[in-house]
file work.csv (CSV, C-alpha atoms (C1' of nucleotides))
chain,number,residue,atom,x,y,z
A,190,MET,CA,0.0,0.0,0.0
A,191,ASN,CA,1.5,3.3,-1.0
A,192,THR,CA,1.7,6.4,1.1
A,193,PHE,CA,-1.4,8.2,-0.3
A,194,SER,CA,-3.6,5.2,0.2
A,195,HIS,CA,-2.3,4.9,3.7
A,196,ARG,CA,-3.1,8.5,4.5
A,197,LEU,CA,-6.6,8.2,3.1
A,198,SER,CA,-7.2,5.1,5.2
A,199,GLU,CA,-5.8,6.9,8.2
A,200,ILE,CA,-8.2,9.8,7.8
A,201,TYR,CA,-11.1,7.5,7.3
A,202,ASP,CA,-10.3,5.5,10.4
A,203,LEU,CA,-10.0,8.6,12.6
A,204,LEU,CA,-13.3,10.0,11.3
A,205,LEU,CA,-15.2,6.8,11.7
A,206,GLN,CA,-13.8,6.4,15.2
A,207,ALA,CA,-14.8,9.9,16.1
A,208,TYR,CA,-18.3,10.0,14.5
A,209,GLY,CA,-19.3,6.5,13.8
A,210,PRO,CA,-21.2,5.4,10.7
A,211,GLN,CA,-23.2,8.2,9.1
A,212,LYS,CA,-26.6,7.3,7.8
A,213,TRP,CA,-26.6,8.8,4.4
A,214,TRP,CA,-28.4,9.9,2.3
A,215,PRO,CA,-31.2,11.0,4.6
A,216,ALA,CA,-34.1,10.2,2.3
A,217,GLU,CA,-36.9,7.7,2.1
A,218,SER,CA,-36.6,6.9,-1.6
A,219,PRO,CA,-34.1,7.1,-4.5
A,220,PHE,CA,-36.3,9.8,-6.1
A,221,GLU,CA,-36.1,11.9,-2.9
A,222,VAL,CA,-32.3,11.6,-3.1
A,223,MET,CA,-32.4,13.0,-6.7
A,224,VAL,CA,-34.6,15.9,-5.7
A,225,GLY,CA,-32.4,16.6,-2.6
A,226,ALA,CA,-29.3,16.4,-4.7
A,227,VAL,CA,-30.4,19.4,-6.8
A,228,LEU,CA,-31.9,21.3,-3.8
A,229,THR,CA,-28.8,21.1,-1.7
A,230,GLN,CA,-26.6,22.8,-4.3
A,231,ASN,CA,-24.6,25.4,-2.4
A,232,THR,CA,-27.2,25.5,0.3
A,233,ASN,CA,-27.6,24.5,3.9
A,234,TRP,CA,-29.2,21.1,4.3
A,235,GLN,CA,-31.7,22.4,6.8
A,236,GLY,CA,-33.4,24.5,4.1
A,237,VAL,CA,-33.5,21.4,1.9
A,238,GLU,CA,-35.3,19.4,4.6
A,239,LYS,CA,-38.0,22.1,4.8
A,240,ALA,CA,-38.4,22.1,1.0
A,241,ILE,CA,-38.6,18.4,0.9
A,242,ALA,CA,-41.2,18.4,3.7
A,243,ASN,CA,-43.3,20.9,1.8
A,244,LEU,CA,-43.3,18.5,-1.2
A,245,LYS,CA,-44.0,15.5,0.9
A,246,GLY,CA,-46.7,17.3,2.8
A,247,SER,CA,-48.6,17.9,-0.4
A,248,ASN,CA,-47.9,14.4,-1.6
A,249,LEU,CA,-45.9,15.7,-4.6
A,250,LEU,CA,-42.6,13.9,-4.2
A,251,LYS,CA,-43.1,11.7,-7.3
A,252,PRO,CA,-42.0,12.3,-10.9
A,253,ASP,CA,-45.5,12.6,-12.3
A,254,LYS,CA,-46.8,14.8,-9.5
A,255,LEU,CA,-43.9,17.2,-9.8
A,256,GLN,CA,-44.1,17.3,-13.5
A,257,ALA,CA,-47.7,18.6,-13.3
A,258,LEU,CA,-46.6,21.7,-11.4
A,259,SER,CA,-45.7,25.0,-13.1
A,260,THR,CA,-42.3,26.4,-12.5
A,261,GLU,CA,-43.8,29.1,-10.2
A,262,GLU,CA,-45.7,26.6,-8.1
A,263,LEU,CA,-42.7,24.4,-7.7
A,264,ALA,CA,-40.5,27.4,-6.8
A,265,GLY,CA,-43.0,28.4,-4.1
A,266,LEU,CA,-42.8,25.0,-2.5
A,267,ILE,CA,-39.0,24.8,-2.5
A,268,LYS,CA,-38.4,28.4,-1.3
A,269,PRO,CA,-36.6,27.5,2.0
A,270,ALA,CA,-33.8,25.7,-0.1
A,271,GLY,CA,-32.8,29.1,-1.6
A,272,TYR,CA,-32.2,29.8,-5.3
A,273,PHE,CA,-35.8,28.6,-5.7
A,274,ASN,CA,-36.4,29.9,-9.2
A,275,LEU,CA,-33.2,28.4,-10.5
A,276,LYS,CA,-33.7,25.1,-8.7
A,277,ALA,CA,-37.3,24.8,-9.8
A,278,ARG,CA,-36.1,24.9,-13.4
A,279,ARG,CA,-33.3,22.5,-12.7
A,280,LEU,CA,-35.7,20.0,-11.0
A,281,GLN,CA,-38.0,20.2,-14.1
A,282,ASN,CA,-35.0,19.5,-16.3
A,283,LEU,CA,-34.1,16.5,-14.3
A,284,ILE,CA,-37.7,15.2,-14.3
A,285,GLU,CA,-38.0,15.8,-18.0
A,286,PHE,CA,-35.0,13.7,-18.5
A,287,LEU,CA,-36.3,10.9,-16.3
A,288,THR,CA,-39.7,11.0,-18.0
A,289,GLU,CA,-38.5,11.2,-21.6
A,290,THR,CA,-35.6,8.8,-21.3
A,291,TYR,CA,-36.8,6.3,-18.8
A,292,ALA,CA,-40.6,6.8,-18.7
A,293,GLY,CA,-40.2,8.3,-15.3
A,294,ASP,CA,-39.1,4.9,-13.9
A,295,LEU,CA,-36.0,4.8,-11.8
A,296,GLU,CA,-35.6,1.1,-12.1
A,297,THR,CA,-35.4,1.4,-15.8
A,298,MET,CA,-32.7,4.1,-15.4
A,299,ASP,CA,-30.9,1.8,-13.0
A,300,GLN,CA,-30.3,-0.7,-15.8
A,301,VAL,CA,-27.8,1.7,-17.4
A,302,GLU,CA,-24.1,1.3,-16.9
A,303,THR,CA,-22.6,3.8,-14.5
A,304,GLY,CA,-20.2,5.7,-16.8
A,305,GLN,CA,-22.9,6.0,-19.5
A,306,LEU,CA,-25.5,7.2,-17.0
A,307,ARG,CA,-23.1,9.7,-15.5
A,308,LYS,CA,-22.7,11.2,-19.0
A,309,GLU,CA,-26.4,11.4,-19.5
A,310,LEU,CA,-27.0,13.1,-16.2
A,311,LEU,CA,-24.2,15.6,-16.9
A,312,LYS,CA,-26.0,16.7,-20.0
A,313,ILE,CA,-29.0,17.9,-18.0
A,314,ASN,CA,-28.9,21.7,-17.4
A,315,GLY,CA,-28.5,22.1,-13.7
A,316,VAL,CA,-26.8,18.8,-13.0
A,317,GLY,CA,-23.0,19.1,-12.5
A,318,PRO,CA,-20.5,16.5,-11.4
A,319,GLU,CA,-21.4,16.5,-7.7
A,320,THR,CA,-25.1,16.3,-8.3
A,321,ALA,CA,-24.7,13.5,-10.8
A,322,ASP,CA,-22.3,11.6,-8.5
A,323,SER,CA,-24.6,12.0,-5.5
A,324,ILE,CA,-27.4,10.5,-7.5
A,325,LEU,CA,-25.2,7.6,-8.7
A,326,LEU,CA,-23.9,6.8,-5.2
A,327,TYR,CA,-26.8,7.7,-2.9
A,328,ALA,CA,-29.8,7.0,-5.1
A,329,LEU,CA,-28.5,4.1,-7.2
A,330,GLN,CA,-25.8,2.6,-4.9
A,331,ARG,CA,-23.0,2.8,-7.5
A,332,PRO,CA,-19.4,2.9,-6.3
A,333,VAL,CA,-18.8,6.5,-7.3
A,334,PHE,CA,-16.9,8.9,-5.0
A,335,VAL,CA,-18.7,12.2,-4.4
A,336,VAL,CA,-16.5,15.3,-4.2
A,337,ASP,CA,-17.7,18.5,-2.6
A,338,THR,CA,-16.4,21.7,-1.1
A,339,TYR,CA,-15.6,19.9,2.2
A,340,THR,CA,-13.8,17.1,0.4
A,341,TYR,CA,-11.6,19.7,-1.3
A,342,ARG,CA,-11.1,21.8,1.9
A,343,VAL,CA,-10.3,19.0,4.2
A,344,MET,CA,-7.8,17.4,1.8
A,345,ASN,CA,-6.3,20.8,1.0
A,346,ARG,CA,-5.9,21.8,4.7
A,347,HIS,CA,-4.1,18.6,5.3
A,348,GLY,CA,-1.7,19.0,2.5
A,349,LEU,CA,-2.9,16.1,0.4
A,350,ILE,CA,-3.9,18.2,-2.6
A,351,GLY,CA,-2.9,21.6,-4.0
A,352,GLU,CA,-5.3,24.5,-4.6
A,353,GLU,CA,-5.8,23.9,-8.3
A,354,VAL,CA,-7.1,20.3,-8.3
A,355,SER,CA,-10.1,19.7,-10.5
A,356,TYR,CA,-13.2,17.8,-9.5
A,357,ASP,CA,-12.3,14.8,-11.7
A,358,GLU,CA,-8.7,14.8,-10.4
A,359,LEU,CA,-9.8,14.8,-6.8
A,360,GLN,CA,-12.4,12.1,-7.4
A,361,GLY,CA,-9.7,10.1,-9.2
A,362,LEU,CA,-7.4,10.3,-6.2
A,363,PHE,CA,-10.0,8.6,-4.0
A,364,THR,CA,-11.1,6.0,-6.6
A,365,GLN,CA,-7.6,5.0,-7.5
A,366,HIS,CA,-6.3,4.8,-3.9
A,367,LEU,CA,-9.3,3.1,-2.2
A,368,PRO,CA,-11.1,-0.1,-2.8
A,369,LEU,CA,-14.1,0.4,-5.2
A,370,ASP,CA,-16.7,0.0,-2.4
A,371,LYS,CA,-20.0,1.8,-2.5
A,372,THR,CA,-20.4,1.5,1.3
A,373,LEU,CA,-16.9,2.9,1.9
A,374,PHE,CA,-17.5,5.8,-0.5
A,375,ASN,CA,-20.9,6.5,1.1
A,376,GLN,CA,-19.4,6.6,4.6
A,377,TYR,CA,-16.2,8.5,3.6
A,378,HIS,CA,-18.0,11.3,1.9
A,379,ALA,CA,-20.6,11.7,4.7
A,380,LEU,CA,-17.8,11.7,7.3
A,381,LEU,CA,-15.9,14.4,5.4
A,382,VAL,CA,-19.0,16.5,5.4
A,383,ARG,CA,-19.5,15.9,9.1
A,384,VAL,CA,-15.9,16.9,10.0
A,385,GLY,CA,-16.0,19.8,7.5
A,386,LYS,CA,-19.1,21.3,9.0
A,387,LEU,CA,-17.7,21.1,12.5
A,388,HIS,CA,-14.1,22.0,11.9
A,389,CYS,CA,-13.2,22.8,8.3
A,390,GLN,CA,-15.1,25.9,7.5
A,391,PRO,CA,-13.4,28.7,5.6
A,392,LYS,CA,-12.2,29.9,9.0
A,393,PRO,CA,-10.8,26.8,10.5
A,394,ARG,CA,-11.7,25.5,13.9
A,395,CYS,CA,-9.0,22.9,14.2
A,396,GLN,CA,-9.2,22.5,18.0
A,397,GLY,CA,-10.9,19.2,18.9
A,398,CYS,CA,-10.9,18.0,15.3
A,399,PRO,CA,-10.4,14.3,15.1
A,400,LEU,CA,-7.9,15.0,12.2
A,401,GLU,CA,-5.9,17.5,14.3
A,402,PRO,CA,-3.1,14.9,14.8
A,403,LEU,CA,-2.6,14.7,11.1
A,404,LEU,CA,-2.3,18.5,10.4
A,405,PRO,CA,0.9,19.4,8.5
B,136,DG,C1',-24.8,42.5,10.4
B,137,DA,C1',-21.5,39.7,8.2
B,138,DC,C1',-20.6,35.2,7.0
B,139,DC,C1',-21.7,30.8,5.2
B,140,DA,C1',-24.2,26.7,3.1
B,141,DG,C1',-23.5,19.0,0.8
B,142,DG,C1',-23.0,24.0,-7.2
B,143,DC,C1',-23.8,25.2,-11.6
B,144,DA,C1',-24.3,27.8,-15.8
B,145,DC,C1',-23.3,31.6,-18.3
B,146,DA,C1',-21.0,36.1,-19.7
B,147,DT,C1',-17.0,38.1,-20.8
B,148,DC,C1',-12.3,38.7,-21.8
C,150,DG,C1',-9.2,28.3,-21.3
C,151,DA,C1',-9.7,30.9,-17.3
C,152,DT,C1',-11.8,34.1,-14.4
C,153,DG,C1',-16.0,36.5,-12.6
C,154,DT,C1',-20.8,36.7,-11.4
C,155,DG,C1',-25.8,35.7,-10.4
C,156,DC,C1',-28.8,32.8,-8.0
C,157,DA,C1',-31.6,33.4,-2.3
C,158,DT,C1',-33.2,31.6,2.1
C,159,DG,C1',-32.1,30.9,6.8
C,160,DG,C1',-29.0,29.7,10.6
C,161,DT,C1',-24.9,31.1,13.5

call {"tool": "encode", "arguments": {"input": "work.csv", "output": "structure tokens"}}
result
Amino acid sequence: MNTFSHRLSEIYDLLLQAYGPQKWWPAESPFEVMVGAVLTQNTNWQGVEKAIANLKGSNLLKPDKLQALSTEELAGLIKPAGYFNLKARRLQNLIEFLTETYAGDLETMDQVETGQLRKELLKINGVGPETADSILLYALQRPVFVVDTYTYRVMNRHGLIGEEVSYDELQGLFTQHLPLDKTLFNQYHALLVRVGKLHCQPKPRCQGCPLEPLLP
DNA sequence: GACCAGGCACATC
DNA sequence: GATGTGCATGGT
């Protein structure tokens, strides 16, 4: 095992020891994960929960129900998630894709090979790499590592990556140095978000961080 | 009141 | 290709 793999394992072990298994993605269905993946873009999760609750409360958290709404109606329901006009359109784009390509059926979509499906998702306006990978990992249980701001920040603060690393490069570092295990990827990303929220904000709060012993 | 949140697309150079 | 900007509510 090379040094980088060792350090990734070391980080994972410390985080798992500190926080225990994370139960991600907090959703009742794969479709809810897909909706949440769009709603959480650059937004606090608490707002997403309220938006999801609004949709559930009106029994609208299904592809056909959401599709029947106007952009304005949808925007009103997801307001607490922020960027509501933008995200309403993005959700409609996602649902349009699902309906037109897979007849609104997630199980049909789930027949498609991971790399191919990732390309298809990335063509949707409003679905970028993190959203696509979140859907692949957390809705469809594919072994795809999800990169986000916390992933980048934690790795950067600990000197494992430089400033200029791209999404695909950072994702590649994880997938090439860890076993291709969907459960591991699920936990690892969730743990990075957890430690990031608590300790790795733009202004660091390194005291008490489980990764403090590893700081450069 | 400033700062930040589980990004992404688009304009402009 | 790379850099800058709009999108928006709600919690700390």

call {"tool": "residues_near_point", "arguments": {"input": "work.csv", "point": "(-31.8, 34.9, 3.0)", "cutoff": "10 Å", "atoms": "all atoms listed in the file", "output": "PyMOL selection string"}}
result
(chain A and resi 269-272) or (chain C and resi 157-160)

call {"tool": "residues_around", "arguments": {"input": "work.csv", "residues": "Val343 (chain A)", "least_positions_apart": "4", "cutoff": "7 Å", "atoms": "only C-alpha atoms (C1' of nucleotides)", "output": "VMD selection string"}}
result
chain A and resid 339 347 385 389

call {"tool": "atom_distance", "arguments": {"input": "work.csv", "atom1": "CA of Gly351 (chain A)", "atom2": "CA of Thr232 (chain A)"}}
result
25.0 Å

call {"tool": "interface_residues", "arguments": {"input": "work.csv", "of": "chain A", "to": "chain B", "cutoff": "8 Å", "atoms": "only C-alpha atoms (C1' of nucleotides)", "output": "PyMOL selection string"}}
result
chain A and resi 229-234+314-317+319+337-338+382

call {"tool": "atom_distance", "arguments": {"input": "work.csv", "atom1": "CA of Tyr377 (chain A)", "atom2": "CA of Pro215 (chain A)"}}
result
15.2 Å

call {"tool": "closest_residue", "arguments": {"input": "work.csv", "among": "A:Ile350, A:Leu275, A:Ala240, A:Ile313", "to": "chain C", "atoms": "all atoms listed in the file"}}
result
A:Leu275

call {"tool": "atom_distance", "arguments": {"input": "work.csv", "atom1": "CA of Thr260 (chain A)", "atom2": "C1' of DG153 (chain C)"}}
result
28.2 Å

call {"tool": "residues_around", "arguments": {"input": "work.csv", "residues": "Asn274 (chain A)", "least_positions_apart": "2", "cutoff": "8 Å", "atoms": "only C-alpha atoms (C1' of nucleotides)", "output": "PyMOL selection string"}}
result
chain A and resi 260-261+264+272+276-278

call {"tool": "closest_residue", "arguments": {"input": "work.csv", "among": "A:Glu217, A:Ala207, A:Gly236, A:Arg279", "to": "chain C", "atoms": "all atoms listed in the file"}}
result
A:Gly236
